[in-house]
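Reviewing the structure listed below.
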Amino acid sequence: MKKVVFTTLIALAAWQLSAQDALETARLLSREARFAASTELLTTFIQNNPQRKYDIGRALLLQSQNLLHLKELAAARETNGKSINLRMQLRSGDLAENFLQEAAISLAAGKPSDALVAAQQGMEMLIEDPLLYAQLNYYAAKALIVMGRFAEGNRYYQTATEVLAIEVGEQDPIFGQLLFEGGRLFDEQREYRAAFQQYARAYYILRDPVARTKALLWAWHSDQLAKRSFGTKR
């Protein structure tokens, strides 16, 4: 009897590990921009593991992120909603991730006011991950700047940079990527000199050659626009 129980426990442990492997594999596929393959794997995982409610909540969120990358906005929002409903039932502490996703979907759909509401709702959650808090502040900044509320947006962006500077340091590529995105925010405001400064800082921090090249090109572009703007004002 003990042998049977032991064998069953080992089999169960192996099955649980394979389920975790499935989620990790789906994440890797998403990082490789193989969003359709990742979504298919996640669908299979959800169908085969109906009792793993917590992991299904995570799988649905990842599915929604894949759908957003594929520009299937309605499906992305519906799937994120399913993840939210499940996580609320479980009283999960991960709901802020879903509000971040909702903000991203709303911005992609051209609804910055909805994006701002979602980002602010996310910030009201209990957040243990400082990077997530910084992301929520960035999306709030982006939404406000799209709406033309530049001063408010810049304050949220400043908060995001301060949080990351403390948590990861100003030489971490994650911080560099935020600076690059900040450059885009200042370009949106036609603050080209400020945009140039963000891109230039990002260039010296980022390590990926493609990301550095993008930062350099955008820095050059903003510098040219700044010079033209200065010439026009003169």
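As shown in the structure tokens, the chain order sets the letters A, B, ...; within each chain, residues go from 1, and ligands are also counted from 1 in the order they appear.
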Selection: 10 Å around Arg190 (chain A), only C-alpha atoms, excl. self and same-chain fewer than 6 positions, as JSON, numbers by chain: {"A": [184, 222, 225, 226, 229]}
Non-local contacts of region 75-85 of chain A (6 Å; only C-alpha atoms; under 5 positions in same chain excluded) as number ranges by chain: A: 57, 60-61, 64, 67-68
All residues 9 Å or closer to region 51-55 of chain A, only C-alpha atoms, same chain fewer than 2 positions away omitted, as a list in words: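 In the requested format, the answer is Ala19, Gln20, Leu23, Ile46, Asn48, Asn49, Gly57, Arg58, Ala59, Leu60, Leu86, Arg87, Leu90 and Ser92 of chain A.
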Just N, CA and C atoms for this one: save the residues we selected as an mmCIF file, in the first residue's frame.
```cif
data_model
loop_
_atom_site.group_PDB
_atom_site.id
_atom_site.type_symbol
_atom_site.label_atom_id
_atom_site.label_comp_id
_atom_site.auth_asym_id
_atom_site.auth_seq_id
_atom_site.Cartn_x
_atom_site.Cartn_y
_atom_site.Cartn_z
ATOM 1 N N ALA A 19 3.515 20.539 -15.914
ATOM 2 C CA ALA A 19 2.595 21.661 -16.082
ATOM 3 C C ALA A 19 3.346 22.981 -15.968
ATOM 4 N N GLN A 20 4.248 23.085 -14.980
ATOM 5 C CA GLN A 20 5.061 24.286 -14.835
ATOM 6 C C GLN A 20 5.963 24.474 -16.047
ATOM 7 N N LEU A 23 4.067 26.130 -18.902
ATOM 8 C CA LEU A 23 3.951 27.581 -18.775
ATOM 9 C C LEU A 23 5.259 28.272 -19.128
ATOM 10 N N ILE A 46 -4.550 24.754 -20.482
ATOM 11 C CA ILE A 46 -5.788 25.089 -19.768
ATOM 12 C C ILE A 46 -6.801 23.951 -19.865
ATOM 13 N N ASN A 48 -6.201 20.769 -20.325
ATOM 14 C CA ASN A 48 -5.735 19.548 -19.661
ATOM 15 C C ASN A 48 -5.557 19.692 -18.154
ATOM 16 N N ASN A 49 -5.654 20.913 -17.648
ATOM 17 C CA ASN A 49 -5.407 21.132 -16.216
ATOM 18 C C ASN A 49 -6.503 21.999 -15.590
ATOM 19 N N GLY A 57 -5.049 31.104 -14.275
ATOM 20 C CA GLY A 57 -5.082 32.570 -14.240
ATOM 21 C C GLY A 57 -3.848 33.169 -14.889
ATOM 22 N N ARG A 58 -2.695 32.579 -14.609
ATOM 23 C CA ARG A 58 -1.442 33.044 -15.217
ATOM 24 C C ARG A 58 -1.421 32.757 -16.708
ATOM 25 N N ALA A 59 -1.909 31.559 -17.078
ATOM 26 C CA ALA A 59 -1.921 31.171 -18.489
ATOM 27 C C ALA A 59 -2.821 32.092 -19.309
ATOM 28 N N LEU A 60 -3.970 32.448 -18.762
ATOM 29 C CA LEU A 60 -4.886 33.343 -19.462
ATOM 30 C C LEU A 60 -4.270 34.722 -19.657
ATOM 31 N N LEU A 86 -11.097 34.949 -12.612
ATOM 32 C CA LEU A 86 -10.576 33.781 -11.908
ATOM 33 C C LEU A 86 -9.702 34.197 -10.735
ATOM 34 N N ARG A 87 -8.855 35.187 -10.955
ATOM 35 C CA ARG A 87 -7.963 35.633 -9.883
ATOM 36 C C ARG A 87 -8.734 36.301 -8.755
ATOM 37 N N LEU A 90 -10.034 33.624 -6.572
ATOM 38 C CA LEU A 90 -8.965 33.040 -5.766
ATOM 39 C C LEU A 90 -8.362 34.046 -4.786
ATOM 40 N N SER A 92 -6.381 36.387 -5.524
ATOM 41 C CA SER A 92 -4.964 36.408 -5.887
ATOM 42 C C SER A 92 -4.373 37.800 -5.686
#
```
List as CSV every residue of region 49-106 of chain A that is in contact with region 135-147 of chain A, defined as an atom at most 8 Å from one of its atoms (using only C-alpha atoms), together with the nearest atom pair and the distance in Å rounded to one decimal, sorted by chain and then rising number.
```
residue,atom,partner,partner_atom,distance
A:Leu100,CA,A:Leu136,CA,5.9
A:Ala103,CA,A:Tyr139,CA,6.8
A:Ala104,CA,A:Tyr139,CA,7.3
```
Just list the residues in region 1-143 of chain A DSSP gives alpha helix (DSSP H) on the backbone, as a tab-separated table (two decimals) with N, CA and C atoms, in the first residue's frame.
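Output file states.tsv follows:
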```
chain	number	residue	atom	x	y	z
A	2	LYS	N	1.90	1.26	0.89
A	2	LYS	CA	2.79	2.41	0.96
A	2	LYS	C	3.50	2.63	-0.37
A	3	LYS	N	3.85	1.50	-1.03
A	3	LYS	CA	4.55	1.61	-2.30
A	3	LYS	C	3.64	2.25	-3.35
A	4	VAL	N	2.36	1.87	-3.33
A	4	VAL	CA	1.40	2.44	-4.29
A	4	VAL	C	1.23	3.94	-4.07
A	5	VAL	N	1.09	4.33	-2.79
A	5	VAL	CA	0.94	5.75	-2.46
A	5	VAL	C	2.18	6.53	-2.88
A	6	PHE	N	3.37	5.97	-2.58
A	6	PHE	CA	4.62	6.63	-2.94
A	6	PHE	C	4.72	6.82	-4.45
A	7	THR	N	4.37	5.76	-5.19
A	7	THR	CA	4.42	5.83	-6.65
A	7	THR	C	3.45	6.87	-7.19
A	8	THR	N	2.27	6.93	-6.58
A	8	THR	CA	1.27	7.92	-6.99
A	8	THR	C	1.76	9.34	-6.75
A	9	LEU	N	2.39	9.56	-5.60
A	9	LEU	CA	2.91	10.89	-5.27
A	9	LEU	C	4.01	11.30	-6.24
A	10	ILE	N	4.88	10.37	-6.60
A	10	ILE	CA	5.95	10.67	-7.55
A	10	ILE	C	5.36	11.04	-8.91
A	11	ALA	N	4.35	10.25	-9.32
A	11	ALA	CA	3.70	10.53	-10.61
A	11	ALA	C	3.03	11.90	-10.60
A	12	LEU	N	2.39	12.23	-9.47
A	12	LEU	CA	1.73	13.52	-9.34
A	12	LEU	C	2.74	14.65	-9.38
A	13	ALA	N	3.86	14.48	-8.69
A	13	ALA	CA	4.90	15.51	-8.69
A	13	ALA	C	5.45	15.73	-10.09
A	14	ALA	N	5.66	14.63	-10.82
A	14	ALA	CA	6.17	14.74	-12.19
A	14	ALA	C	5.17	15.45	-13.08
A	15	TRP	N	3.88	15.16	-12.88
A	15	TRP	CA	2.84	15.80	-13.67
A	15	TRP	C	2.78	17.30	-13.39
A	16	GLN	N	2.92	17.67	-12.11
A	16	GLN	CA	2.90	19.08	-11.75
A	16	GLN	C	4.10	19.80	-12.34
A	17	LEU	N	5.25	19.16	-12.34
A	17	LEU	CA	6.44	19.77	-12.91
A	17	LEU	C	6.26	20.00	-14.40
A	18	SER	N	5.66	19.02	-15.09
A	18	SER	CA	5.44	19.17	-16.52
A	18	SER	C	4.49	20.32	-16.81
A	19	ALA	N	3.51	20.54	-15.91
A	19	ALA	CA	2.59	21.66	-16.08
A	19	ALA	C	3.35	22.98	-15.97
A	20	GLN	N	4.25	23.08	-14.98
A	20	GLN	CA	5.06	24.29	-14.83
A	20	GLN	C	5.96	24.47	-16.05
A	21	ASP	N	6.50	23.37	-16.54
A	21	ASP	CA	7.33	23.44	-17.74
A	21	ASP	C	6.54	23.97	-18.93
A	22	ALA	N	5.27	23.59	-19.02
A	22	ALA	CA	4.43	24.06	-20.12
A	22	ALA	C	4.28	25.58	-20.09
A	23	LEU	N	4.07	26.13	-18.90
A	23	LEU	CA	3.95	27.58	-18.77
A	23	LEU	C	5.26	28.27	-19.13
A	24	GLU	N	6.37	27.71	-18.66
A	24	GLU	CA	7.67	28.32	-18.95
A	24	GLU	C	7.98	28.24	-20.44
A	25	THR	N	7.64	27.12	-21.06
A	25	THR	CA	7.84	26.98	-22.50
A	25	THR	C	7.02	28.01	-23.26
A	26	ALA	N	5.79	28.23	-22.82
A	26	ALA	CA	4.93	29.23	-23.46
A	26	ALA	C	5.54	30.62	-23.34
A	27	ARG	N	6.13	30.92	-22.17
A	27	ARG	CA	6.78	32.22	-21.99
A	27	ARG	C	7.97	32.36	-22.94
A	28	LEU	N	8.75	31.31	-23.07
A	28	LEU	CA	9.91	31.35	-23.96
A	28	LEU	C	9.47	31.56	-25.41
A	29	LEU	N	8.41	30.89	-25.81
A	29	LEU	CA	7.89	31.07	-27.17
A	29	LEU	C	7.45	32.52	-27.39
A	30	SER	N	6.84	33.11	-26.38
A	30	SER	CA	6.40	34.51	-26.48
A	30	SER	C	7.60	35.44	-26.61
A	31	ARG	N	8.66	35.16	-25.84
A	31	ARG	CA	9.87	36.00	-25.92
A	31	ARG	C	10.50	35.91	-27.30
A	35	PHE	N	4.05	33.97	-31.00
A	35	PHE	CA	2.87	34.18	-30.18
A	35	PHE	C	1.77	33.16	-30.44
A	36	ALA	N	1.57	32.79	-31.70
A	36	ALA	CA	0.53	31.82	-32.02
A	36	ALA	C	0.85	30.46	-31.41
A	37	ALA	N	2.12	30.05	-31.50
A	37	ALA	CA	2.53	28.76	-30.92
A	37	ALA	C	2.38	28.78	-29.41
A	38	SER	N	2.74	29.90	-28.79
A	38	SER	CA	2.60	30.04	-27.34
A	38	SER	C	1.13	29.94	-26.93
A	39	THR	N	0.28	30.62	-27.68
A	39	THR	CA	-1.15	30.61	-27.36
A	39	THR	C	-1.74	29.21	-27.50
A	40	GLU	N	-1.32	28.50	-28.52
A	40	GLU	CA	-1.81	27.13	-28.72
A	40	GLU	C	-1.39	26.23	-27.57
A	41	LEU	N	-0.15	26.37	-27.13
A	41	LEU	CA	0.33	25.57	-26.00
A	41	LEU	C	-0.45	25.90	-24.73
A	42	LEU	N	-0.72	27.18	-24.52
A	42	LEU	CA	-1.47	27.60	-23.33
A	42	LEU	C	-2.90	27.08	-23.37
A	43	THR	N	-3.51	27.08	-24.54
A	43	THR	CA	-4.87	26.55	-24.68
A	43	THR	C	-4.91	25.07	-24.29
A	44	THR	N	-3.92	24.32	-24.75
A	44	THR	CA	-3.84	22.90	-24.40
A	44	THR	C	-3.63	22.73	-22.90
A	45	PHE	N	-2.77	23.56	-22.33
A	45	PHE	CA	-2.51	23.49	-20.88
A	45	PHE	C	-3.79	23.74	-20.09
A	46	ILE	N	-4.55	24.75	-20.48
A	46	ILE	CA	-5.79	25.09	-19.77
A	46	ILE	C	-6.80	23.95	-19.87
A	47	GLN	N	-6.91	23.37	-21.04
A	47	GLN	CA	-7.87	22.27	-21.24
A	47	GLN	C	-7.49	21.03	-20.45
A	48	ASN	N	-6.20	20.77	-20.33
A	48	ASN	CA	-5.74	19.55	-19.66
A	48	ASN	C	-5.56	19.69	-18.15
A	53	LYS	N	-6.32	26.14	-10.91
A	53	LYS	CA	-6.93	27.45	-11.09
A	53	LYS	C	-5.91	28.59	-11.09
A	54	TYR	N	-4.98	28.53	-10.15
A	54	TYR	CA	-3.99	29.60	-10.05
A	54	TYR	C	-3.16	29.69	-11.32
A	55	ASP	N	-2.69	28.54	-11.81
A	55	ASP	CA	-1.88	28.53	-13.02
A	55	ASP	C	-2.70	28.90	-14.25
A	56	ILE	N	-3.98	28.56	-14.26
A	56	ILE	CA	-4.83	28.94	-15.38
A	56	ILE	C	-4.96	30.47	-15.44
A	57	GLY	N	-5.05	31.10	-14.27
A	57	GLY	CA	-5.08	32.57	-14.24
A	57	GLY	C	-3.85	33.17	-14.89
A	58	ARG	N	-2.69	32.58	-14.61
A	58	ARG	CA	-1.44	33.04	-15.22
A	58	ARG	C	-1.42	32.76	-16.71
A	59	ALA	N	-1.91	31.56	-17.08
A	59	ALA	CA	-1.92	31.17	-18.49
A	59	ALA	C	-2.82	32.09	-19.31
A	60	LEU	N	-3.97	32.45	-18.76
A	60	LEU	CA	-4.89	33.34	-19.46
A	60	LEU	C	-4.27	34.72	-19.66
A	61	LEU	N	-3.55	35.21	-18.65
A	61	LEU	CA	-2.88	36.50	-18.79
A	61	LEU	C	-1.84	36.45	-19.90
A	62	LEU	N	-1.05	35.39	-19.94
A	62	LEU	CA	-0.04	35.25	-20.98
A	62	LEU	C	-0.70	35.14	-22.35
A	63	GLN	N	-1.81	34.42	-22.42
A	63	GLN	CA	-2.57	34.34	-23.67
A	63	GLN	C	-3.01	35.72	-24.13
A	64	SER	N	-3.50	36.50	-23.20
A	64	SER	CA	-3.95	37.86	-23.52
A	64	SER	C	-2.79	38.70	-24.05
A	65	GLN	N	-1.62	38.55	-23.44
A	65	GLN	CA	-0.44	39.28	-23.91
A	65	GLN	C	-0.07	38.87	-25.33
A	66	ASN	N	-0.17	37.58	-25.61
A	66	ASN	CA	0.10	37.10	-26.97
A	66	ASN	C	-0.88	37.71	-27.96
A	67	LEU	N	-2.15	37.71	-27.60
A	67	LEU	CA	-3.19	38.24	-28.49
A	67	LEU	C	-3.00	39.73	-28.73
A	68	LEU	N	-2.52	40.44	-27.72
A	68	LEU	CA	-2.23	41.87	-27.90
A	68	LEU	C	-1.12	42.06	-28.91
A	69	HIS	N	-0.07	41.25	-28.81
A	69	HIS	CA	1.02	41.33	-29.79
A	69	HIS	C	0.52	41.03	-31.20
A	73	LEU	N	-7.26	42.72	-30.42
A	73	LEU	CA	-7.53	43.47	-29.19
A	73	LEU	C	-8.78	42.98	-28.46
A	74	ALA	N	-9.84	42.69	-29.19
A	74	ALA	CA	-11.07	42.22	-28.53
A	74	ALA	C	-10.83	40.90	-27.81
A	75	ALA	N	-10.13	40.00	-28.47
A	75	ALA	CA	-9.83	38.70	-27.85
A	75	ALA	C	-8.88	38.87	-26.67
A	76	ALA	N	-7.93	39.80	-26.80
A	76	ALA	CA	-6.99	40.05	-25.71
A	76	ALA	C	-7.72	40.56	-24.48
A	77	ARG	N	-8.68	41.48	-24.69
A	77	ARG	CA	-9.44	42.02	-23.55
A	77	ARG	C	-10.33	40.94	-22.92
A	78	GLU	N	-10.98	40.15	-23.75
A	78	GLU	CA	-11.85	39.09	-23.23
A	78	GLU	C	-11.05	38.08	-22.41
A	79	THR	N	-9.89	37.69	-22.91
A	79	THR	CA	-9.06	36.70	-22.21
A	79	THR	C	-8.51	37.27	-20.91
A	80	ASN	N	-8.11	38.53	-20.94
A	80	ASN	CA	-7.64	39.18	-19.72
A	80	ASN	C	-8.77	39.26	-18.70
A	81	GLY	N	-9.99	39.51	-19.18
A	81	GLY	CA	-11.15	39.54	-18.28
A	81	GLY	C	-11.38	38.20	-17.60
A	82	LYS	N	-11.19	37.12	-18.34
A	82	LYS	CA	-11.33	35.78	-17.75
A	82	LYS	C	-10.28	35.57	-16.66
A	83	SER	N	-9.07	36.03	-16.92
A	83	SER	CA	-8.00	35.91	-15.92
A	83	SER	C	-8.34	36.72	-14.67
A	84	ILE	N	-8.87	37.93	-14.88
A	84	ILE	CA	-9.26	38.78	-13.75
A	84	ILE	C	-10.33	38.10	-12.91
A	85	ASN	N	-11.36	37.59	-13.56
A	85	ASN	CA	-12.47	36.94	-12.83
A	85	ASN	C	-11.97	35.75	-12.01
A	86	LEU	N	-11.10	34.95	-12.61
A	86	LEU	CA	-10.58	33.78	-11.91
A	86	LEU	C	-9.70	34.20	-10.73
A	87	ARG	N	-8.85	35.19	-10.96
A	87	ARG	CA	-7.96	35.63	-9.88
A	87	ARG	C	-8.73	36.30	-8.76
A	88	MET	N	-9.83	36.98	-9.08
A	88	MET	CA	-10.66	37.57	-8.03
A	88	MET	C	-11.31	36.49	-7.18
A	89	GLN	N	-11.73	35.41	-7.81
A	89	GLN	CA	-12.31	34.28	-7.07
A	89	GLN	C	-11.28	33.67	-6.12
A	95	LEU	N	-3.43	40.62	-9.26
A	95	LEU	CA	-4.37	41.35	-10.11
A	95	LEU	C	-3.75	42.59	-10.75
A	96	ALA	N	-2.76	43.17	-10.12
A	96	ALA	CA	-2.13	44.37	-10.70
A	96	ALA	C	-1.58	44.08	-12.09
A	97	GLU	N	-1.11	42.84	-12.31
A	97	GLU	CA	-0.62	42.45	-13.64
A	97	GLU	C	-1.73	42.56	-14.68
A	98	ASN	N	-2.93	42.18	-14.30
A	98	ASN	CA	-4.06	42.23	-15.22
A	98	ASN	C	-4.47	43.67	-15.52
A	99	PHE	N	-4.39	44.54	-14.52
A	99	PHE	CA	-4.70	45.95	-14.77
A	99	PHE	C	-3.65	46.58	-15.69
A	100	LEU	N	-2.40	46.16	-15.54
A	100	LEU	CA	-1.36	46.62	-16.45
A	100	LEU	C	-1.69	46.18	-17.88
A	101	GLN	N	-2.11	44.92	-18.03
A	101	GLN	CA	-2.48	44.41	-19.34
A	101	GLN	C	-3.68	45.17	-19.91
A	102	GLU	N	-4.64	45.47	-19.06
A	102	GLU	CA	-5.82	46.23	-19.51
A	102	GLU	C	-5.41	47.62	-19.98
A	103	ALA	N	-4.45	48.23	-19.29
A	103	ALA	CA	-3.95	49.54	-19.71
A	103	ALA	C	-3.29	49.45	-21.08
A	104	ALA	N	-2.50	48.41	-21.28
A	104	ALA	CA	-1.82	48.23	-22.57
A	104	ALA	C	-2.83	48.02	-23.70
A	105	ILE	N	-3.85	47.22	-23.44
A	105	ILE	CA	-4.89	46.96	-24.46
A	105	ILE	C	-5.63	48.25	-24.79
A	106	SER	N	-5.99	49.01	-23.77
A	106	SER	CA	-6.74	50.25	-24.00
A	106	SER	C	-5.93	51.26	-24.79
A	107	LEU	N	-4.64	51.36	-24.52
A	107	LEU	CA	-3.79	52.27	-25.29
A	107	LEU	C	-3.72	51.83	-26.74
A	108	ALA	N	-3.57	50.53	-26.96
A	108	ALA	CA	-3.52	50.00	-28.32
A	108	ALA	C	-4.83	50.24	-29.06
A	112	PRO	N	-7.03	56.16	-24.29
A	112	PRO	CA	-6.10	56.51	-23.21
A	112	PRO	C	-6.78	56.74	-21.86
A	113	SER	N	-8.02	57.25	-21.87
A	113	SER	CA	-8.69	57.48	-20.58
A	113	SER	C	-8.96	56.15	-19.87
A	114	ASP	N	-9.35	55.13	-20.64
A	114	ASP	CA	-9.53	53.80	-20.04
A	114	ASP	C	-8.20	53.22	-19.56
A	115	ALA	N	-7.15	53.49	-20.32
A	115	ALA	CA	-5.82	53.01	-19.93
A	115	ALA	C	-5.38	53.64	-18.62
A	116	LEU	N	-5.66	54.93	-18.47
A	116	LEU	CA	-5.30	55.63	-17.23
A	116	LEU	C	-6.04	55.04	-16.04
A	117	VAL	N	-7.33	54.79	-16.20
A	117	VAL	CA	-8.13	54.20	-15.12
A	117	VAL	C	-7.57	52.84	-14.73
A	118	ALA	N	-7.24	52.02	-15.73
A	118	ALA	CA	-6.70	50.68	-15.45
A	118	ALA	C	-5.37	50.76	-14.72
A	119	ALA	N	-4.49	51.65	-15.17
A	119	ALA	CA	-3.18	51.79	-14.53
A	119	ALA	C	-3.33	52.26	-13.08
A	120	GLN	N	-4.22	53.21	-12.86
A	120	GLN	CA	-4.44	53.70	-11.50
A	120	GLN	C	-5.07	52.63	-10.60
A	121	GLN	N	-5.97	51.83	-11.17
A	121	GLN	CA	-6.53	50.71	-10.40
A	121	GLN	C	-5.44	49.73	-10.01
A	122	GLY	N	-4.53	49.47	-10.93
A	122	GLY	CA	-3.42	48.57	-10.64
A	122	GLY	C	-2.55	49.08	-9.51
A	123	MET	N	-2.33	50.39	-9.48
A	123	MET	CA	-1.50	50.98	-8.43
A	123	MET	C	-2.17	50.94	-7.07
A	124	GLU	N	-3.49	50.75	-7.05
A	124	GLU	CA	-4.21	50.64	-5.78
A	124	GLU	C	-4.10	49.25	-5.16
A	130	PRO	N	8.45	45.92	-7.41
A	130	PRO	CA	8.68	47.32	-7.77
A	130	PRO	C	8.69	47.54	-9.29
A	131	LEU	N	9.12	46.54	-10.05
A	131	LEU	CA	9.15	46.69	-11.50
A	131	LEU	C	7.73	46.83	-12.05
A	132	LEU	N	6.81	46.07	-11.49
A	132	LEU	CA	5.41	46.17	-11.90
A	132	LEU	C	4.85	47.55	-11.56
A	133	TYR	N	5.21	48.05	-10.39
A	133	TYR	CA	4.75	49.38	-9.99
A	133	TYR	C	5.29	50.44	-10.94
A	134	ALA	N	6.54	50.29	-11.35
A	134	ALA	CA	7.13	51.23	-12.30
A	134	ALA	C	6.42	51.16	-13.64
A	135	GLN	N	6.09	49.95	-14.09
A	135	GLN	CA	5.38	49.79	-15.36
A	135	GLN	C	4.01	50.46	-15.32
A	136	LEU	N	3.30	50.30	-14.22
A	136	LEU	CA	1.99	50.93	-14.09
A	136	LEU	C	2.11	52.45	-14.16
A	137	ASN	N	3.13	52.99	-13.52
A	137	ASN	CA	3.36	54.44	-13.58
A	137	ASN	C	3.69	54.88	-15.00
A	138	TYR	N	4.47	54.07	-15.70
A	138	TYR	CA	4.81	54.42	-17.09
A	138	TYR	C	3.55	54.45	-17.96
A	139	TYR	N	2.68	53.45	-17.81
A	139	TYR	CA	1.47	53.41	-18.63
A	139	TYR	C	0.53	54.55	-18.28
A	140	ALA	N	0.47	54.93	-17.01
A	140	ALA	CA	-0.32	56.10	-16.63
A	140	ALA	C	0.26	57.35	-17.30
A	141	ALA	N	1.59	57.46	-17.30
A	141	ALA	CA	2.25	58.59	-17.96
A	141	ALA	C	1.92	58.63	-19.44
A	142	LYS	N	2.02	57.49	-20.08
A	142	LYS	CA	1.76	57.42	-21.52
A	142	LYS	C	0.32	57.81	-21.84
A	143	ALA	N	-0.62	57.31	-21.05
A	143	ALA	CA	-2.03	57.64	-21.28
A	143	ALA	C	-2.27	59.14	-21.12
```
For CA of Gln198 (chain A) and CA of Gly182 (chain A), the interatomic separation in Å (one decimal):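 If I compute the distance from CA of Gln198 (chain A) to CA of Gly182 (chain A), I get 6.4 Å.
Of the residues under consideration (A:Ala215, A:Ala194, A:Gly93, A:Ile166), A:Gly93 shows the shortest atom-to-atom contact distance to Glu128 (chain A) when counting only C-alpha atoms.
Going from CA of Tyr157 (chain A) over to CA of Arg207 (chain A), you cover 22.4 Å.
Put simply, CA of Asp172 (chain A) is 22.6 Å away from CA of Trp220 (chain A).
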